[in-house]
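Peer 1: Input structure: model28.txt, which contains compact mmCIF, C-alpha atoms and all ligand atoms.
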# COMPACT_ATOMS: atom_id res chain seq x y z
CA MET Z 1 0.00 0.00 0.00
CA THR Z 2 1.32 3.43 -0.92
CA ASP Z 3 0.74 6.59 1.07
CA ALA Z 4 0.35 9.17 -1.71
CA HIS Z 5 1.02 12.12 0.54
CA CYS Z 6 2.81 12.36 3.87
CA HIS Z 7 5.69 14.12 5.53
CA LEU Z 8 7.32 11.17 7.28
CA VAL Z 9 7.83 7.44 6.85
CA ARG Z 10 5.38 5.14 8.69
CA GLY Z 11 4.31 1.50 8.34
CA GLU Z 12 3.29 1.61 4.68
CA SER Z 13 5.36 -0.15 2.02
CA ARG Z 14 5.87 3.03 0.00
CA HIS Z 15 5.49 6.75 0.63
CA LEU Z 16 5.32 9.83 -1.53
CA ILE Z 17 6.96 12.05 0.98
CA CYS Z 18 7.17 15.83 0.89
CA GLU Z 19 10.31 17.46 2.31
CA PRO Z 20 11.43 14.55 4.50
CA ARG Z 21 13.99 15.10 7.20
CA THR Z 22 17.27 13.32 6.62
CA GLY Z 23 17.53 9.61 7.17
CA GLU Z 24 13.80 8.95 7.01
CA VAL Z 25 13.40 7.80 3.44
CA GLY Z 26 13.11 4.14 2.40
CA ALA Z 27 14.41 2.64 -0.85
CA ASP Z 28 10.95 2.58 -2.47
CA ASP Z 29 9.86 6.00 -1.30
CA ILE Z 30 9.55 8.93 -3.70
CA VAL Z 31 10.72 12.30 -2.46
CA PHE Z 32 9.08 15.63 -3.33
CA TYR Z 33 10.86 18.95 -2.84
CA GLY Z 34 9.04 22.22 -2.43
CA THR Z 35 8.06 25.17 -0.29
CA HIS Z 36 4.66 24.86 1.42
CA PRO Z 37 2.51 28.02 1.46
CA TRP Z 38 2.70 28.14 5.27
CA TYR Z 39 6.49 28.25 5.27
CA LEU Z 40 7.56 30.65 2.56
CA ASP Z 41 10.68 32.02 4.24
CA GLY Z 42 13.89 31.17 2.51
CA TYR Z 43 12.40 30.01 -0.80
CA ASN Z 44 15.11 29.92 -3.43
CA GLU Z 45 14.28 29.02 -7.01
CA ALA Z 46 17.88 28.23 -7.96
CA ALA Z 47 18.21 25.85 -5.01
CA LEU Z 48 15.03 23.97 -5.97
CA ARG Z 49 16.21 23.77 -9.57
CA ALA Z 50 19.51 22.28 -8.41
CA ARG Z 51 17.76 19.69 -6.24
CA LEU Z 52 15.50 18.62 -9.11
CA GLU Z 53 18.46 18.37 -11.46
CA ALA Z 54 20.35 16.25 -8.93
CA ASN Z 55 17.36 13.95 -8.25
CA PRO Z 56 15.69 12.79 -11.46
CA SER Z 57 13.03 10.79 -9.61
CA ALA Z 58 12.00 13.63 -7.28
CA GLY Z 59 8.68 15.45 -7.65
CA VAL Z 60 7.69 18.97 -6.63
CA GLY Z 61 5.57 19.50 -3.50
CA GLU Z 62 3.90 20.34 -1.31
CA ILE Z 63 3.20 23.66 -3.03
CA GLY Z 64 0.11 25.80 -3.48
CA LEU Z 65 -2.10 28.53 -2.13
CA ASP Z 66 -3.82 28.78 1.25
CA ARG Z 67 -6.73 30.67 2.76
CA LEU Z 68 -6.90 28.62 5.94
CA LYS Z 69 -4.34 30.57 7.98
CA ASP Z 70 -5.01 33.94 6.38
CA ARG Z 71 -8.02 34.78 4.22
CA ASN Z 72 -5.86 36.87 1.91
CA ILE Z 73 -3.43 35.26 -0.45
CA SER Z 74 -0.28 37.41 -0.47
CA PRO Z 75 1.45 38.30 -3.76
CA ARG Z 76 4.55 36.55 -2.43
CA MET Z 77 2.59 33.32 -1.87
CA ARG Z 78 1.37 33.41 -5.46
CA GLU Z 79 4.80 34.23 -6.80
CA ILE Z 80 6.50 31.35 -4.97
CA PHE Z 81 3.77 28.91 -6.00
CA GLU Z 82 4.07 29.93 -9.65
CA SER Z 83 7.84 29.77 -9.60
CA GLN Z 84 7.70 26.17 -8.33
CA LEU Z 85 4.95 25.20 -10.75
CA LYS Z 86 7.05 26.48 -13.64
CA LEU Z 87 9.95 24.32 -12.55
CA ALA Z 88 7.65 21.27 -12.30
CA ALA Z 89 6.33 21.93 -15.80
CA GLU Z 90 9.82 22.50 -17.21
CA PHE Z 91 11.21 19.32 -15.62
CA GLN Z 92 7.94 17.42 -16.19
CA ARG Z 93 7.81 16.25 -12.60
CA PRO Z 94 4.70 15.20 -10.68
CA VAL Z 95 3.38 17.87 -8.31
CA VAL Z 96 1.66 17.67 -4.91
CA LEU Z 97 -0.73 20.61 -4.53
CA HIS Z 98 -2.13 22.35 -1.47
CA GLY Z 99 -5.22 24.51 -1.86
CA ALA Z 100 -7.03 24.82 1.46
CA LYS Z 101 -10.13 26.97 0.97
CA CYS Z 102 -8.98 28.13 -2.48
CA TRP Z 103 -8.97 25.12 -4.80
CA GLY Z 104 -10.55 27.05 -7.68
CA GLU Z 105 -7.64 29.48 -7.65
CA VAL Z 106 -5.11 26.66 -7.54
CA VAL Z 107 -6.76 25.01 -10.56
CA HIS Z 108 -6.67 28.28 -12.50
CA ALA Z 109 -3.03 28.94 -11.62
CA VAL Z 110 -2.03 25.46 -12.78
CA GLN Z 111 -3.94 25.86 -16.05
CA ARG Z 112 -2.26 29.19 -16.73
CA ILE Z 113 1.30 28.23 -15.81
CA ILE Z 114 1.29 25.00 -17.77
CA LYS Z 115 0.07 26.81 -20.87
CA GLN Z 116 2.67 29.56 -20.39
CA THR Z 117 5.55 27.17 -19.86
CA ILE Z 118 4.70 25.12 -22.91
CA ASN Z 119 4.52 28.29 -25.05
CA GLN Z 120 7.71 29.83 -23.66
CA THR Z 121 9.97 26.81 -23.80
CA ASN Z 122 8.51 25.66 -27.08
CA GLN Z 123 9.03 22.18 -25.74
CA THR Z 124 7.12 19.24 -27.02
CA ILE Z 125 5.58 18.31 -23.73
CA SER Z 126 3.64 15.14 -24.30
CA ARG Z 127 1.42 15.79 -21.30
CA PRO Z 128 1.20 18.31 -18.47
CA PRO Z 129 2.95 17.32 -15.25
CA ALA Z 130 0.64 15.14 -13.16
CA CYS Z 131 -0.92 17.00 -10.24
CA LEU Z 132 -2.01 15.49 -6.96
CA PHE Z 133 -4.82 17.52 -5.41
CA HIS Z 134 -4.04 16.53 -1.86
CA GLY Z 135 -6.69 17.00 0.82
CA PHE Z 136 -9.21 18.08 -1.80
CA SER Z 137 -12.62 18.19 -0.13
CA ARG Z 138 -14.73 20.54 -2.19
CA SER Z 139 -17.85 19.54 -4.06
CA GLY Z 140 -17.48 17.80 -7.38
CA GLY Z 141 -17.77 20.95 -9.53
CA LEU Z 142 -14.03 21.20 -10.14
CA LEU Z 143 -13.58 17.52 -11.00
CA PRO Z 144 -13.73 17.91 -14.81
CA ASP Z 145 -11.04 20.64 -14.70
CA ILE Z 146 -8.88 18.51 -12.41
CA VAL Z 147 -9.16 15.50 -14.73
CA ALA Z 148 -8.29 17.68 -17.74
CA LEU Z 149 -5.15 18.82 -15.90
CA ASN Z 150 -3.90 15.25 -15.54
CA GLY Z 151 -4.97 15.56 -11.92
CA PHE Z 152 -5.29 12.93 -9.23
CA ILE Z 153 -7.10 13.23 -5.90
CA SER Z 154 -5.90 11.54 -2.74
CA VAL Z 155 -8.56 10.52 -0.25
CA GLY Z 156 -7.56 11.17 3.34
CA PRO Z 157 -8.47 10.25 6.93
CA ALA Z 158 -11.68 12.37 6.83
CA VAL Z 159 -13.39 9.54 4.94
CA LEU Z 160 -13.38 7.51 8.18
CA ASN Z 161 -15.54 10.11 9.89
CA ASP Z 162 -19.19 8.96 9.81
CA HIS Z 163 -20.33 12.59 9.94
CA ALA Z 164 -18.36 13.56 6.80
CA VAL Z 165 -21.41 13.03 4.58
CA ASN Z 166 -20.40 15.51 1.86
CA TYR Z 167 -16.85 14.20 1.72
CA ARG Z 168 -18.05 10.62 1.33
CA LYS Z 169 -20.30 11.78 -1.49
CA LEU Z 170 -17.35 13.49 -3.18
CA VAL Z 171 -15.07 10.44 -3.01
CA GLN Z 172 -17.76 8.44 -4.77
CA GLU Z 173 -17.79 10.95 -7.64
CA ILE Z 174 -14.03 10.99 -8.29
CA PRO Z 175 -13.21 9.02 -11.45
CA LEU Z 176 -11.79 5.65 -10.41
CA GLU Z 177 -8.57 6.09 -12.40
CA ARG Z 178 -7.81 9.34 -10.53
CA LEU Z 179 -8.07 8.03 -6.97
CA LEU Z 180 -5.21 7.72 -4.49
CA VAL Z 181 -5.07 7.50 -0.68
CA GLU Z 182 -3.06 9.63 1.71
CA SER Z 183 -2.41 10.06 5.43
CA ASP Z 184 -0.83 13.56 5.31
CA ALA Z 185 0.92 12.41 8.50
CA THR Z 186 3.56 14.66 10.03
CA ALA Z 187 5.82 14.12 13.02
CA GLU Z 188 3.28 16.03 15.13
CA THR Z 189 0.14 14.18 13.96
CA THR Z 190 1.35 10.64 13.28
CA ALA Z 191 0.00 9.17 16.56
CA GLU Z 192 -3.60 10.09 15.77
CA ILE Z 193 -3.61 9.53 11.98
CA PRO Z 194 -4.98 6.20 10.68
CA SER Z 195 -3.03 4.03 8.25
CA VAL Z 196 -3.75 4.35 4.54
CA LYS Z 197 -4.90 0.72 4.63
CA ASP Z 198 -7.83 1.74 6.87
CA ILE Z 199 -8.60 4.65 4.55
CA ALA Z 200 -8.45 2.36 1.51
CA ALA Z 201 -10.73 -0.19 3.22
CA LYS Z 202 -13.41 2.47 3.78
CA LEU Z 203 -12.98 3.76 0.23
CA ALA Z 204 -13.32 0.21 -1.14
CA GLU Z 205 -16.57 -0.22 0.77
CA LEU Z 206 -17.93 3.11 -0.54
CA ARG Z 207 -16.96 2.30 -4.14
CA GLY Z 208 -18.15 -1.30 -4.02
CA PHE Z 209 -14.81 -3.05 -4.41
CA SER Z 210 -12.90 -5.58 -2.36
CA LEU Z 211 -9.88 -4.07 -0.67
CA SER Z 212 -7.49 -6.07 -2.82
CA ALA Z 213 -9.22 -5.02 -6.05
CA LEU Z 214 -9.10 -1.38 -5.02
CA GLU Z 215 -5.49 -1.70 -3.95
CA GLU Z 216 -4.59 -2.88 -7.43
CA ILE Z 217 -6.36 0.13 -8.96
CA LEU Z 218 -4.65 2.54 -6.56
CA GLU Z 219 -1.19 1.16 -7.37
CA LYS Z 220 -1.85 1.51 -11.08
CA ASN Z 221 -3.01 5.09 -10.55
CA LEU Z 222 0.14 5.76 -8.57
CA GLU Z 223 2.33 4.63 -11.46
CA ASN Z 224 0.33 6.89 -13.80
CA PHE Z 225 0.75 9.82 -11.43
CA LEU Z 226 4.49 9.24 -11.30
CA GLY Z 227 4.58 9.01 -15.09
CA ARG Z 228 6.01 5.51 -15.16
CA SER Z 229 3.47 3.76 -17.28
CA HIS Z 230 3.75 6.08 -20.29
ZN ZN M 1 0.78 17.69 3.68
Output the structure of this file as structure tokens.

Peer 2:
Amino acid sequence: MTDAHCHLVRGESRHLICEPRTGEVGADDIVFYGTHPWYLDGYNEAALRARLEANPSAGVGEIGLDRLKDRNISPRMREIFESQLKLAAEFQRPVVLHGAKCWGEVVHAVQRIIKQTINQTNQTISRPPACLFHGFSRSGGLLPDIVALNGFISVGPAVLNDHAVNYRKLVQEIPLERLLVESDATAETTAEIPSVKDIAAKLAELRGFSLSALEEILEKNLENFLGRSH
């Protein structure tokens, strides 16, 4: 079972891990480098470029916009997000996106930057970089745009909450080939966060699959997200 988005290594066999601390990463884990919208200090485009050049299997993340901590999105937040998105598009790396309370704006920014990068570099980009909409919990209205962006959506611990009626409805609407599961566990939250196996089991029940059948689908989706089956 793969945890499609987390910040530390736990019991799962594979992790897509954003900005891990040294020594934590297993042989099968995929590392993502990026500056989260909550921690913008010290962002350096040249440094990120160098890390991506040095690590051909690394993705870009967790990056994005945020209205959870502050209702206003600062120009600097947008600028840093766009700078990182451009690098992801240029290097054709998968991206993990954050968009708490502003997913529509994140979708629009991704649409714009990908178009721009393709025009500017004149590259033949066979497909836009795959985007993981992590923690996405809005209604289904944005799903067609997300699919068109080569987007994937990772279902998180909220699906285990029996009161999360709208979220359970959403996860049933996500196209099957775009589903992933995530813990979003950090060093601070790991004790209270369920395993992705528990999340997948609930998702399997909601989608009418056995756990093993769903697991097979999720692993295939993971390979597509990472661009390995093209
Ligand atoms: Zn996260």

Peer 1: Please extract the residues at most 8 Å from ligand ZN 1 (chain M), counting only C-alpha atoms and all ligand atoms, and provide them as a JSON list (two decimals) with C-alpha atoms, in the frame of the given file, using the chain letters and residue numbers of this document.

Peer 2:
[["chain", "number", "residue", "atom", "x", "y", "z"],
["Z", 5, "HIS", "CA", 1.02, 12.12, 0.54],
["Z", 6, "CYS", "CA", 2.81, 12.36, 3.87],
["Z", 7, "HIS", "CA", 5.69, 14.12, 5.53],
["Z", 18, "CYS", "CA", 7.17, 15.83, 0.89],
["Z", 62, "GLU", "CA", 3.90, 20.34, -1.31],
["Z", 98, "HIS", "CA", -2.13, 22.35, -1.47],
["Z", 134, "HIS", "CA", -4.04, 16.53, -1.86],
["Z", 184, "ASP", "CA", -0.83, 13.56, 5.31],
["Z", 185, "ALA", "CA", 0.92, 12.41, 8.50],
["Z", 186, "THR", "CA", 3.56, 14.66, 10.03]]

Peer 1: Atom CA of Arg14 of chain Z and atom CA of Gly156 of chain Z are how many Å apart?

Peer 2: 16.1 Å

Peer 1: Check the smallest atom-to-atom distance from each of Z:Met1, Z:Leu68, Z:Leu226, Z:Ile80 to Val31 of chain Z using all atoms listed in the file, then report the winner.

Peer 2: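 Of all the options, Z:Leu226 lies closest to Val31 of chain Z.
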
Peer 1: Using only C-alpha atoms, can you tell me which of Z:Leu160, Z:Ile73, Z:Val107, Z:Leu214 comes closest to Pro144 of chain Z?

Peer 2: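 Distance minimum relative to Pro144 of chain Z lands on Z:Val107.
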
Peer 1: Using only C-alpha atoms, which of the listed residues (Z:Val165, Z:Ala47, Z:Leu40, Z:Leu170) sits closest to Ile153 of chain Z?

Peer 2: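 Checking each candidate against Ile153 of chain Z, we get Z:Leu170 as the closest.
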
Peer 1: Given the choices Z:Ile193, Z:Leu142, Z:Ala4, Z:Val171, which gets closest to Arg207 of chain Z if the distance is worked out from all atoms listed in the file?

Peer 2: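 The shortest atom-to-atom distance to Arg207 of chain Z comes from Z:Val171.
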
Peer 1: Env of Leu211 of chain Z: 9 Å cut, atoms = all atoms listed in the file, seq-sep filter 4 positions within chain, self excluded. Answer as a list in words.

Peer 2: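 Final neighbour list, sorted by chain and number: Lys197, Ala200, Ala201, Lys202, Leu203, Ala204, Glu205, Glu215 and Glu216 of chain Z.
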
Peer 1: Could you work out how far atom CA of Pro94 of chain Z lies from atom CA of Gly61 of chain Z, giving the answer in Å with one decimal?

Peer 2: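 Atom-to-atom, atom CA of Gly61 of chain Z and atom CA of Pro94 of chain Z are spaced 8.4 Å apart.
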
Peer 1: Which value, in Å to one decimal, gives the distance between atom CA of Ser139 of chain Z and atom CA of Ile113 of chain Z?

Peer 2: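 So the two atoms, atom CA of Ser139 of chain Z and atom CA of Ile113 of chain Z, lie 24.1 Å apart.
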
Peer 1: When you count all atoms listed in the file, which of these residues is closest to Leu65 of chain Z: Z:Lys115, Z:His108, Z:Arg138, Z:Arg49?

Peer 2: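 Of the candidates, the smallest distance to Leu65 of chain Z is held by Z:His108.
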
Peer 1: Once you count all atoms listed in the file, which residues end up no further than 8 Å from (-0.4, 17.1, -8.8) in the file's frame, shown as a list in words?

Peer 2: Pro94, Val95, Val96, Leu97, Pro129, Ala130, Cys131, Leu132, Phe133, His134, Asn150, Gly151, Phe152 and Phe225 of chain Z

Peer 1: Report as a ChimeraX atom specification all protein, DNA and RNA residues lying within 9 Å of Arg78 of chain Z, evaluated on all atoms listed in the file, omitting residues in the same chain fewer than 3 positions from it.

Peer 2: /Z:37,64-65,73-75,81-83,109

Peer 1: Write out as a list in words the residues lying within 12 Å of segment 187-189 of chain Z, counting all atoms listed in the file and excluding same-chain residues fewer than 5 positions away.

Peer 2: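 Counting only the stated atoms, we get Cys6, His7, Leu8, Val9, Arg10, Pro20, Arg21, Glu24, Pro157 and Pro194 of chain Z.
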
Peer 1: Using only C-alpha atoms, which of Z:Ser195, Z:Ser13, Z:Asn224, Z:Gln120 sits nearest Val181 of chain Z?

Peer 2: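 Residue with the minimum atom-to-atom distance to Val181 of chain Z: Z:Ser195.
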
Peer 1: If the box runs along x, y and z of the file and leaves 6 Å on each side of segment 216-219 of chain Z, what are its centre and edge lengths in Å, one decimal, as AutoDock Vina command-line options?

Peer 2:
--center_x -3.8 --center_y -0.2 --center_z -7.8 --size_x 17.2 --size_y 17.4 --size_z 14.4

Peer 1: Can you pull out the residues contacting Ser57 of chain Z? Cut-off 12 Å, using all atoms listed in the file, and skip same-chain residues under 4 positions away; I want them as a PyMOL selection string.

Peer 2: chain Z and resi 16+28-33+51-53+91-94+226-228

Peer 1: Based on the selection just made, write C-alpha atoms of those residues as a PDB file, keeping the file's coordinate frame.

Peer 2:
ATOM      1  CA  LEU Z  16       5.320   9.830  -1.530  1.00  0.00           C
ATOM      2  CA  ASP Z  28      10.950   2.580  -2.470  1.00  0.00           C
ATOM      3  CA  ASP Z  29       9.860   6.000  -1.300  1.00  0.00           C
ATOM      4  CA  ILE Z  30       9.550   8.930  -3.700  1.00  0.00           C
ATOM      5  CA  VAL Z  31      10.720  12.300  -2.460  1.00  0.00           C
ATOM      6  CA  PHE Z  32       9.080  15.630  -3.330  1.00  0.00           C
ATOM      7  CA  TYR Z  33      10.860  18.950  -2.840  1.00  0.00           C
ATOM      8  CA  ARG Z  51      17.760  19.690  -6.240  1.00  0.00           C
ATOM      9  CA  LEU Z  52      15.500  18.620  -9.110  1.00  0.00           C
ATOM     10  CA  GLU Z  53      18.460  18.370 -11.460  1.00  0.00           C
ATOM     11  CA  PHE Z  91      11.210  19.320 -15.620  1.00  0.00           C
ATOM     12  CA  GLN Z  92       7.940  17.420 -16.190  1.00  0.00           C
ATOM     13  CA  ARG Z  93       7.810  16.250 -12.600  1.00  0.00           C
ATOM     14  CA  PRO Z  94       4.700  15.200 -10.680  1.00  0.00           C
ATOM     15  CA  LEU Z 226       4.490   9.240 -11.300  1.00  0.00           C
ATOM     16  CA  GLY Z 227       4.580   9.010 -15.090  1.00  0.00           C
ATOM     17  CA  ARG Z 228       6.010   5.510 -15.160  1.00  0.00           C
TER      18      ARG Z 228
END
